[in-house]
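The file query-v6.cif contains mmCIF, C-alpha atoms:
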```
data_structure
loop_
_atom_site.label_atom_id
_atom_site.label_comp_id
_atom_site.auth_asym_id
_atom_site.auth_seq_id
_atom_site.Cartn_x
_atom_site.Cartn_y
_atom_site.Cartn_z
CA MET A 864 5.63 6.10 -30.58
CA PRO A 865 4.93 2.78 -32.37
CA ARG A 866 2.06 0.76 -30.92
CA ASP A 867 4.27 -2.32 -30.43
CA THR A 868 6.50 -0.26 -28.17
CA LEU A 869 3.53 1.16 -26.28
CA THR A 870 2.05 -2.22 -25.38
CA VAL A 871 5.06 -3.17 -23.25
CA LEU A 872 4.99 0.06 -21.26
CA SER A 873 3.57 0.28 -17.75
CA ASP A 874 0.19 1.88 -17.13
CA GLU A 875 1.94 4.82 -15.54
CA ALA A 876 4.25 5.38 -18.48
CA LEU A 877 1.26 5.26 -20.82
CA LEU A 878 -0.55 7.81 -18.69
CA VAL A 879 2.41 10.19 -18.89
CA LEU A 880 2.56 9.69 -22.66
CA TYR A 881 -1.16 10.43 -22.86
CA ALA A 882 -0.68 13.61 -20.85
CA ASN A 883 1.95 14.65 -23.35
CA GLY A 884 -0.34 14.21 -26.30
CA ASP A 885 0.48 10.71 -27.53
CA PRO A 886 -2.42 9.65 -29.75
CA ASP A 887 -2.26 5.88 -29.06
CA ALA A 888 -1.62 5.76 -25.32
CA ALA A 889 -5.28 6.29 -24.40
CA ARG A 890 -6.44 3.38 -26.55
CA ILE A 891 -3.98 0.94 -25.01
CA LEU A 892 -4.75 2.11 -21.47
CA THR A 893 -8.46 1.78 -22.19
CA GLN A 894 -8.03 -1.72 -23.57
CA ARG A 895 -6.17 -2.68 -20.40
CA LEU A 896 -8.31 -1.00 -17.77
CA LEU A 897 -11.85 -0.72 -19.11
CA PRO A 898 -12.76 -4.47 -19.10
CA ARG A 899 -11.52 -4.81 -15.51
CA LEU A 900 -13.35 -1.71 -14.34
CA LEU A 901 -16.51 -2.78 -16.14
CA GLY A 902 -16.45 -6.27 -14.63
CA TYR A 903 -15.71 -4.91 -11.16
CA ALA A 904 -18.44 -2.26 -11.33
CA ALA A 905 -20.91 -4.86 -12.64
CA ARG A 906 -20.19 -7.08 -9.62
CA LEU A 907 -20.63 -4.19 -7.22
CA THR A 908 -23.71 -2.61 -8.74
CA GLY A 909 -25.30 -5.71 -10.28
CA ASP A 910 -26.34 -3.59 -13.22
CA ARG A 911 -24.62 -3.49 -16.59
CA ALA A 912 -25.80 -0.02 -17.58
CA GLU A 913 -24.71 1.47 -14.25
CA ALA A 914 -21.42 -0.41 -14.51
CA GLU A 915 -20.80 1.17 -17.94
CA ASP A 916 -21.47 4.63 -16.53
CA VAL A 917 -19.15 3.99 -13.59
CA ALA A 918 -16.37 2.63 -15.81
CA GLN A 919 -16.63 5.56 -18.23
CA GLU A 920 -16.62 8.09 -15.37
CA ALA A 921 -13.63 6.42 -13.69
CA MET A 922 -11.71 6.53 -16.97
CA LEU A 923 -12.71 10.17 -17.51
CA ARG A 924 -11.29 11.05 -14.09
CA LEU A 925 -8.10 9.25 -15.04
CA TRP A 926 -7.80 11.33 -18.21
CA ARG A 927 -8.33 14.49 -16.19
CA ILE A 928 -5.74 13.65 -13.54
CA ALA A 929 -3.17 12.53 -16.15
CA ALA A 930 -1.46 15.92 -16.43
CA ASP A 931 -1.00 16.13 -12.65
CA TRP A 932 -0.19 12.45 -12.08
CA ARG A 933 2.71 11.98 -9.70
CA THR A 934 4.73 8.99 -10.77
CA GLY A 935 5.62 6.46 -8.13
CA GLU A 936 2.98 7.55 -5.62
CA ALA A 937 0.19 5.14 -6.55
CA GLN A 938 -0.53 2.40 -9.03
CA VAL A 939 -2.81 3.44 -11.87
CA THR A 940 -4.94 0.29 -11.43
CA SER A 941 -5.35 0.90 -7.68
CA TRP A 942 -6.32 4.49 -8.37
CA VAL A 943 -9.02 3.66 -10.92
CA TYR A 944 -10.34 0.79 -8.79
CA ARG A 945 -10.64 3.23 -5.88
CA VAL A 946 -12.50 5.76 -8.02
CA ALA A 947 -14.79 3.03 -9.32
CA THR A 948 -15.41 1.75 -5.78
CA ASN A 949 -16.45 5.19 -4.60
CA LEU A 950 -18.64 5.77 -7.64
CA CYS A 951 -20.36 2.42 -7.08
CA THR A 952 -20.90 3.22 -3.40
CA ASP A 953 -22.50 6.54 -4.33
CA ARG A 954 -24.77 4.86 -6.84
CA LEU A 955 -25.76 2.08 -4.47
CA ARG A 956 -26.62 4.59 -1.78
CA ALA A 957 -28.68 6.58 -4.26
CA ARG A 958 -30.41 3.41 -5.32
CA GLN A 959 -31.11 2.41 -1.72
CA ARG A 960 -32.68 5.77 -1.18
CA ARG A 961 -34.89 5.22 -4.21
CA ARG A 962 -35.79 1.63 -3.47
CA ALA A 963 -35.86 -0.21 -0.21
CA GLU A 964 -35.40 -3.53 -1.95
CA ALA A 965 -32.25 -3.72 -4.10
CA LEU A 966 -32.07 -7.45 -4.66
CA ASP A 967 -34.28 -7.42 -7.74
CA THR A 968 -31.59 -5.93 -9.91
CA VAL A 969 -29.05 -8.65 -10.50
CA ALA A 970 -26.67 -8.48 -13.41
CA GLU A 971 -27.90 -10.26 -16.48
CA PRO A 972 -25.74 -13.30 -17.18
CA GLU A 973 -23.61 -13.02 -20.27
CA ASP A 974 -25.22 -14.76 -23.19
CA ASP A 975 -22.31 -14.93 -25.60
CA ARG A 976 -20.79 -18.22 -24.51
CA PRO A 977 -21.12 -21.46 -26.49
CA GLY A 978 -22.98 -24.61 -25.37
CA ALA A 979 -26.61 -24.52 -24.34
CA VAL A 980 -27.05 -26.60 -21.15
CA SER A 981 -23.62 -26.03 -19.64
CA VAL A 982 -23.93 -22.33 -20.32
CA MET A 983 -27.32 -22.23 -18.60
CA MET A 984 -25.90 -23.94 -15.54
CA GLU A 985 -22.86 -21.70 -15.54
CA ALA A 986 -25.06 -18.64 -15.97
CA ASP A 987 -27.20 -19.86 -13.07
CA ARG A 988 -24.14 -20.20 -10.91
CA MET A 989 -22.93 -16.74 -11.82
CA ALA A 990 -26.40 -15.31 -11.23
CA ALA A 991 -26.47 -17.04 -7.84
CA LEU A 992 -23.03 -15.66 -7.03
CA ASN A 993 -24.10 -12.15 -8.01
CA THR A 994 -27.31 -12.46 -6.00
CA ALA A 995 -25.36 -13.67 -2.98
CA LEU A 996 -22.80 -10.89 -3.42
CA ALA A 997 -25.62 -8.37 -3.48
CA THR A 998 -26.64 -9.45 0.03
CA LEU A 999 -23.25 -8.56 1.51
CA PRO A 1000 -22.53 -5.20 3.13
CA ASP A 1001 -20.78 -2.84 0.68
CA ARG A 1002 -17.30 -3.09 2.16
CA GLN A 1003 -17.40 -6.89 2.43
CA ARG A 1004 -18.61 -7.16 -1.16
CA GLN A 1005 -15.85 -4.84 -2.40
CA ALA A 1006 -13.16 -6.76 -0.50
CA VAL A 1007 -14.41 -10.20 -1.62
CA VAL A 1008 -14.69 -9.16 -5.28
CA LEU A 1009 -11.26 -7.50 -5.31
CA ARG A 1010 -9.62 -10.47 -3.58
CA HIS A 1011 -11.33 -13.47 -5.10
CA ILE A 1012 -12.60 -12.33 -8.49
CA GLU A 1013 -10.24 -9.53 -9.48
CA GLY A 1014 -7.42 -11.54 -7.91
CA LEU A 1015 -5.65 -8.62 -6.24
CA ALA A 1016 -3.27 -8.91 -3.29
CA ASN A 1017 -4.31 -7.68 0.14
CA PRO A 1018 -1.93 -4.67 0.21
CA GLU A 1019 -3.35 -3.40 -3.09
CA ILE A 1020 -6.90 -3.93 -1.83
CA ALA A 1021 -5.96 -2.01 1.31
CA ALA A 1022 -4.78 0.87 -0.90
CA ILE A 1023 -7.98 0.78 -2.95
CA LEU A 1024 -10.35 0.67 0.02
CA GLU A 1025 -8.12 3.03 2.04
CA ILE A 1026 -8.00 0.69 5.04
CA GLY A 1027 -5.32 -1.45 6.69
CA VAL A 1028 -4.27 -4.90 5.51
CA GLU A 1029 -5.70 -6.51 8.68
CA ALA A 1030 -9.04 -4.87 7.98
CA VAL A 1031 -8.94 -6.31 4.44
CA GLU A 1032 -8.32 -9.80 5.81
CA SER A 1033 -11.16 -9.41 8.27
CA LEU A 1034 -13.54 -8.11 5.58
CA THR A 1035 -12.75 -10.90 3.12
CA ALA A 1036 -13.08 -13.59 5.82
CA ARG A 1037 -16.42 -12.24 7.03
CA GLY A 1038 -17.53 -11.70 3.44
CA LYS A 1039 -16.77 -15.27 2.46
CA ARG A 1040 -18.66 -16.63 5.46
CA ALA A 1041 -21.65 -14.47 4.65
CA LEU A 1042 -21.44 -15.51 1.00
CA ALA A 1043 -21.34 -19.20 1.93
CA ALA A 1044 -24.38 -18.71 4.13
CA ALA A 1045 -26.23 -16.82 1.39
CA LEU A 1046 -25.52 -19.63 -1.08
CA ALA A 1047 -26.65 -22.36 1.32
CA GLY A 1048 -29.55 -24.35 -0.05
CA LYS A 1049 -28.65 -23.68 -3.64
CA ARG A 1050 -26.43 -26.69 -4.19
CA ALA A 1051 -29.00 -28.74 -6.06
CA ALA A 1052 -30.11 -25.89 -8.26
CA LEU A 1053 -26.52 -25.12 -9.24
CA GLY A 1054 -25.21 -28.61 -9.94
CA TYR A 1055 -23.34 -28.98 -6.67
CA GLU A 1056 -25.29 -32.04 -5.49
CA GLU A 1057 -23.67 -35.23 -4.35
CA GLY A 1058 -22.26 -37.20 -7.26
CA THR A 1059 -22.34 -34.42 -9.83
CA MET B 464 -16.80 -30.12 -8.56
CA GLY B 465 -17.14 -29.75 -4.82
CA HIS B 466 -19.18 -32.15 -2.75
CA ALA B 467 -21.48 -31.39 0.11
CA SER B 468 -20.01 -32.69 3.33
CA GLU B 469 -23.37 -32.73 5.10
CA GLU B 470 -26.76 -34.18 4.29
CA GLU B 471 -28.43 -30.82 4.96
CA PRO B 472 -27.60 -27.97 2.62
CA MET B 473 -25.20 -26.02 4.81
CA GLY B 474 -22.92 -23.09 4.02
CA TRP B 475 -20.41 -23.68 1.31
CA SER B 476 -16.89 -24.85 1.96
CA ASP B 477 -13.90 -22.72 1.01
CA ALA B 478 -13.08 -25.09 -1.85
CA GLU B 479 -16.57 -24.81 -3.28
CA LEU B 480 -16.52 -21.05 -3.03
CA ASP B 481 -13.10 -20.97 -4.66
CA SER B 482 -14.36 -23.03 -7.59
CA LEU B 483 -17.26 -20.62 -7.99
CA PHE B 484 -14.89 -17.65 -7.87
CA ALA B 485 -12.70 -19.33 -10.46
CA GLU B 486 -15.65 -19.54 -12.83
CA ALA B 487 -16.40 -15.87 -12.39
CA GLU B 488 -14.38 -14.00 -14.95
CA ALA B 489 -12.82 -10.82 -13.68
CA GLY B 490 -13.21 -8.74 -16.79
CA LEU B 491 -16.25 -7.89 -18.81
CA ALA B 492 -15.83 -7.11 -22.50
CA PRO B 493 -16.88 -3.52 -23.11
CA SER B 494 -19.25 -2.82 -25.97
CA ASP B 495 -17.92 -0.93 -28.97
CA ALA B 496 -20.13 1.98 -28.02
CA LEU B 497 -18.65 2.21 -24.52
CA MET B 498 -15.12 1.93 -25.93
CA ALA B 499 -15.91 4.76 -28.33
CA ARG B 500 -17.33 6.95 -25.55
CA VAL B 501 -14.26 6.43 -23.35
CA LEU B 502 -11.87 7.18 -26.21
CA ALA B 503 -13.89 10.26 -27.14
CA ASP B 504 -13.56 11.48 -23.53
CA ALA B 505 -9.82 10.81 -23.67
CA ALA B 506 -9.43 12.74 -26.92
CA ALA B 507 -11.46 15.69 -25.63
CA VAL B 508 -9.52 15.96 -22.36
CA GLN B 509 -6.21 15.53 -24.19
CA ALA B 510 -7.08 18.22 -26.74
CA ALA B 511 -8.07 20.66 -23.98
CA SER B 512 -4.93 19.86 -22.01
CA VAL B 513 -2.62 20.20 -25.00
CA GLN B 514 -4.28 23.48 -25.92
CA ALA B 515 -3.80 24.78 -22.37
CA GLY B 516 -0.20 23.66 -22.34
CA ALA B 517 0.68 24.98 -25.82
CA GLY B 518 4.06 26.61 -25.88
CA GLN B 519 5.31 24.33 -23.14
CA ALA B 520 5.61 21.39 -25.47
CA GLY B 521 8.65 19.25 -25.13
CA ALA B 522 9.48 15.60 -25.35
CA VAL B 523 8.95 14.06 -21.93
CA ARG B 524 10.21 10.55 -21.57
CA ALA B 525 8.05 7.92 -19.98
CA GLY B 526 8.43 7.88 -16.22
CA GLU B 527 9.28 11.55 -15.96
CA ARG B 528 6.93 13.94 -14.33
CA PRO B 529 5.80 16.58 -16.78
CA VAL B 530 7.06 19.94 -15.61
CA GLY B 531 6.08 23.52 -16.30
CA ARG B 532 2.36 22.78 -16.41
CA GLU B 533 1.51 24.94 -13.45
CA ALA B 534 -0.12 28.21 -14.45
CA PRO B 535 2.00 31.29 -13.67
CA PRO B 536 0.87 33.20 -10.58
CA PRO B 537 -1.50 36.07 -11.43
CA ALA B 538 0.10 39.51 -11.84
CA ARG B 539 -0.17 41.71 -8.72
CA SER B 540 -1.74 45.12 -8.94
CA PHE B 541 -0.08 48.24 -7.49
CA TRP B 542 -2.44 48.35 -4.50
CA THR B 543 -1.99 44.64 -3.80
CA GLY B 544 1.77 45.14 -3.79
CA LEU B 545 1.54 48.20 -1.56
CA ALA B 546 -0.76 46.39 0.87
CA ALA B 547 1.72 43.50 1.00
CA VAL B 548 4.53 45.91 1.94
CA PHE B 549 2.58 47.16 4.96
CA GLY B 550 1.41 43.75 5.99
CA GLY B 551 -1.95 43.42 4.29
CA GLY B 552 -4.92 45.50 3.21
CA GLY B 553 -6.18 45.95 6.78
CA ALA B 554 -2.93 47.46 7.96
CA LEU B 555 -2.84 49.76 4.94
CA ALA B 556 -6.42 50.91 5.60
CA GLY B 557 -5.57 51.66 9.26
CA LEU B 558 -2.48 53.57 8.23
CA GLY B 559 -4.47 55.60 5.71
CA THR B 560 -7.15 56.44 8.30
CA ALA B 561 -4.54 57.57 10.81
CA ALA B 562 -2.88 59.74 8.18
CA LEU B 563 -6.18 61.39 7.25
CA ALA B 564 -7.05 61.94 10.91
CA GLY B 565 -3.68 63.62 11.49
CA LEU B 566 -4.17 65.86 8.49
CA TYR B 567 -7.63 66.86 9.73
CA LEU B 568 -6.39 67.68 13.24
CA GLY B 569 -3.55 69.72 11.80
CA PHE B 570 -5.87 71.86 9.72
CA ALA B 571 -8.84 72.15 12.03
CA GLN B 572 -7.04 72.35 15.40
CA PRO B 573 -10.26 71.66 17.32
CA SER B 574 -10.59 73.59 20.57
CA ALA B 575 -11.06 70.42 22.60
CA LEU B 576 -7.67 69.18 21.43
CA THR B 577 -5.98 72.52 22.06
CA SER B 578 -7.23 72.60 25.66
CA LEU B 579 -6.06 69.05 26.12
CA THR B 580 -2.54 69.77 24.95
CA ALA B 581 -2.55 72.93 27.07
CA GLY B 582 -3.35 70.76 30.07
CA PHE B 583 -0.24 68.66 29.47
CA SER B 584 2.13 71.62 29.27
CA SER B 585 0.58 74.88 30.15
CA ASP B 586 3.84 76.84 30.06
CA VAL B 587 4.66 75.94 26.47
CA SER B 588 2.40 77.26 23.86
CA ILE B 589 2.95 76.85 20.20
CA ASP B 590 0.28 78.40 18.13
CA SER B 591 1.92 77.91 14.83
CA MET B 592 5.20 76.75 13.45
CA ASP B 593 6.88 77.78 10.28
CA LEU B 594 8.18 74.43 9.06
CA MET B 595 9.26 75.78 5.71
CA PRO B 596 10.57 79.26 6.39
CA GLY B 597 11.48 79.92 2.79
CA ILE B 598 14.55 81.71 1.63
CA ASP B 599 13.30 85.31 1.70
CA ALA B 600 15.38 86.16 4.78
CA LEU B 601 18.54 84.70 3.28
CA LEU B 602 18.02 86.51 0.05
CA ALA B 603 17.47 89.77 1.92
CA GLU B 604 20.87 89.51 3.70
CA GLU B 605 22.84 89.31 0.50
#
```

Written as structure tokens, that's how I'd like the structure from this file.
Amino acid sequence: MPRDTLTVLSDEALLVLYANGDPDAARILTQRLLPRLLGYAARLTGDRAEAEDVAQEAMLRLWRIAADWRTGEAQVTSWVYRVATNLCTDRLRARQRRRAEALDTVAEPEDDRPGAVSVMMEADRMAALNTALATLPDRQRQAVVLRHIEGLANPEIAAILEIGVEAVESLTARGKRALAAALAGKRAALGYEEGT
Amino acid sequence: MGHASEEEPMGWSDAELDSLFAEAEAGLAPSDALMARVLADAAAVQAASVQAGAGQAGAVRAGERPVGREAPPPARSFWTGLAAVFGGGGALAGLGTAALAGLYLGFAQPSALTSLTAGFSSDVSIDSMDLMPGIDALLAEE
């Protein structure tokens, strides 16, 4: 099937095409899903290398389930987010077993953006956000990232975390309060002072 | 940018948090190496799957569930089939044991059993029965 035609297809349709041997479907699905999974896993684990492993493993599981995928039962994005969430949880637990203190591994800020001073400030803010996120309990962090950074709706988050919509609302509300508290005292350092 | 509503550095307001979230980009550009690894995984799984499903090829339109991918059930052996007829291997084993026990009693006719049957009906005594009398008598009459 021509690539132009493939790009307008849904994730699910692409997955079925992949299962039937289409050579281009995997590339388009990967281009769509991999950046999101990588960003999500990086927020949850705070580690780029671990995030890459998680994203690759989540995609591998998608390739393996493709032949048995039941259309209409779940969204492909929800499914891979759920797999990535569980993989991150496993890795964080393993890490906690290895090290009592996990806060020293915060994701490195991206260094490929233009502008020196503004980039430093922005990187500081992102580093502060990641550090604050790392202090949240796992479920709160997952809910806050999915809602406020990945921009997903509560029902989809509920499907990903396998909980009810009310529980999602409660988790995101508590997560935001905890995040605000964790960021307290960092206004000046992050350019949030009065008059700036 | 958001402003602190208090003199003391307190927790952040919703608006401030939202502006911070807005700066955080959802996606993260994968490296070429990661992209290559993921696509290599995809190709390997696809090749294995296509190989396994060879002979069942057919154009499946997008949105349709691929059919005919389930492996055929394994062929049943004679004994498995026989056991299924009698309700499972256990039942067949019990039946076989009972049959062998009956055959043994018929041949051996242990004295303990004979006295037991004699106790039930002492006036009837069957020492032996000719179940297949043969045709000698018939032939002799002609």

### Query
Could you list, as a list in words, every residue of chain A that has an atom within 6 Å of an atom of chain B, counting all atoms listed in the file?
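Selected residues: Ala876, Pro898, Arg899, Leu901, Gly902, Gln919, Trp926, Ile1012, Glu1013, Ala1043, Ala1044, Ala1047, Gly1048 and Glu1057 of chain A.
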
### Task
May I have the residues within 12 Å of stretch 909-915 of chain A as a ChimeraX atom specification, using all atoms listed in the file and disregarding those fewer than 3 positions away in the same chain?
/A:897-906,918-922,947-948,950-955,957-958,965-973,989-998,1004 /B:490-498,500-501

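If you look at atom CA of A:Val1028 and atom CA of A:Leu1042, they are 20.7 Å away from each other.
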
### Task
One decimal, Å: what's the distance from atom CA of A:Ala1030 over to atom CA of A:Val943, could you say?
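Atom CA of A:Val943 lies at a distance of 20.7 Å from atom CA of A:Ala1030.
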
### Message
As a check of understanding, name the residues that the PyMOL selection byres ((chain A and resi 869) around 12) selects in the supplied structure, as a list of chain:residue names.
### Response
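Given this file, the PyMOL selection byres ((chain A and resi 869) around 12) evaluates to A:Met864, A:Pro865, A:Arg866, A:Asp867, A:Thr868, A:Thr870, A:Val871, A:Leu872, A:Ser873, A:Asp874, A:Glu875, A:Ala876, A:Leu877, A:Leu878, A:Val879, A:Leu880, A:Tyr881, A:Asp885, A:Pro886, A:Asp887, A:Ala888, A:Ala889, A:Arg890, A:Ile891, A:Leu892, A:Arg895, B:Ala525.
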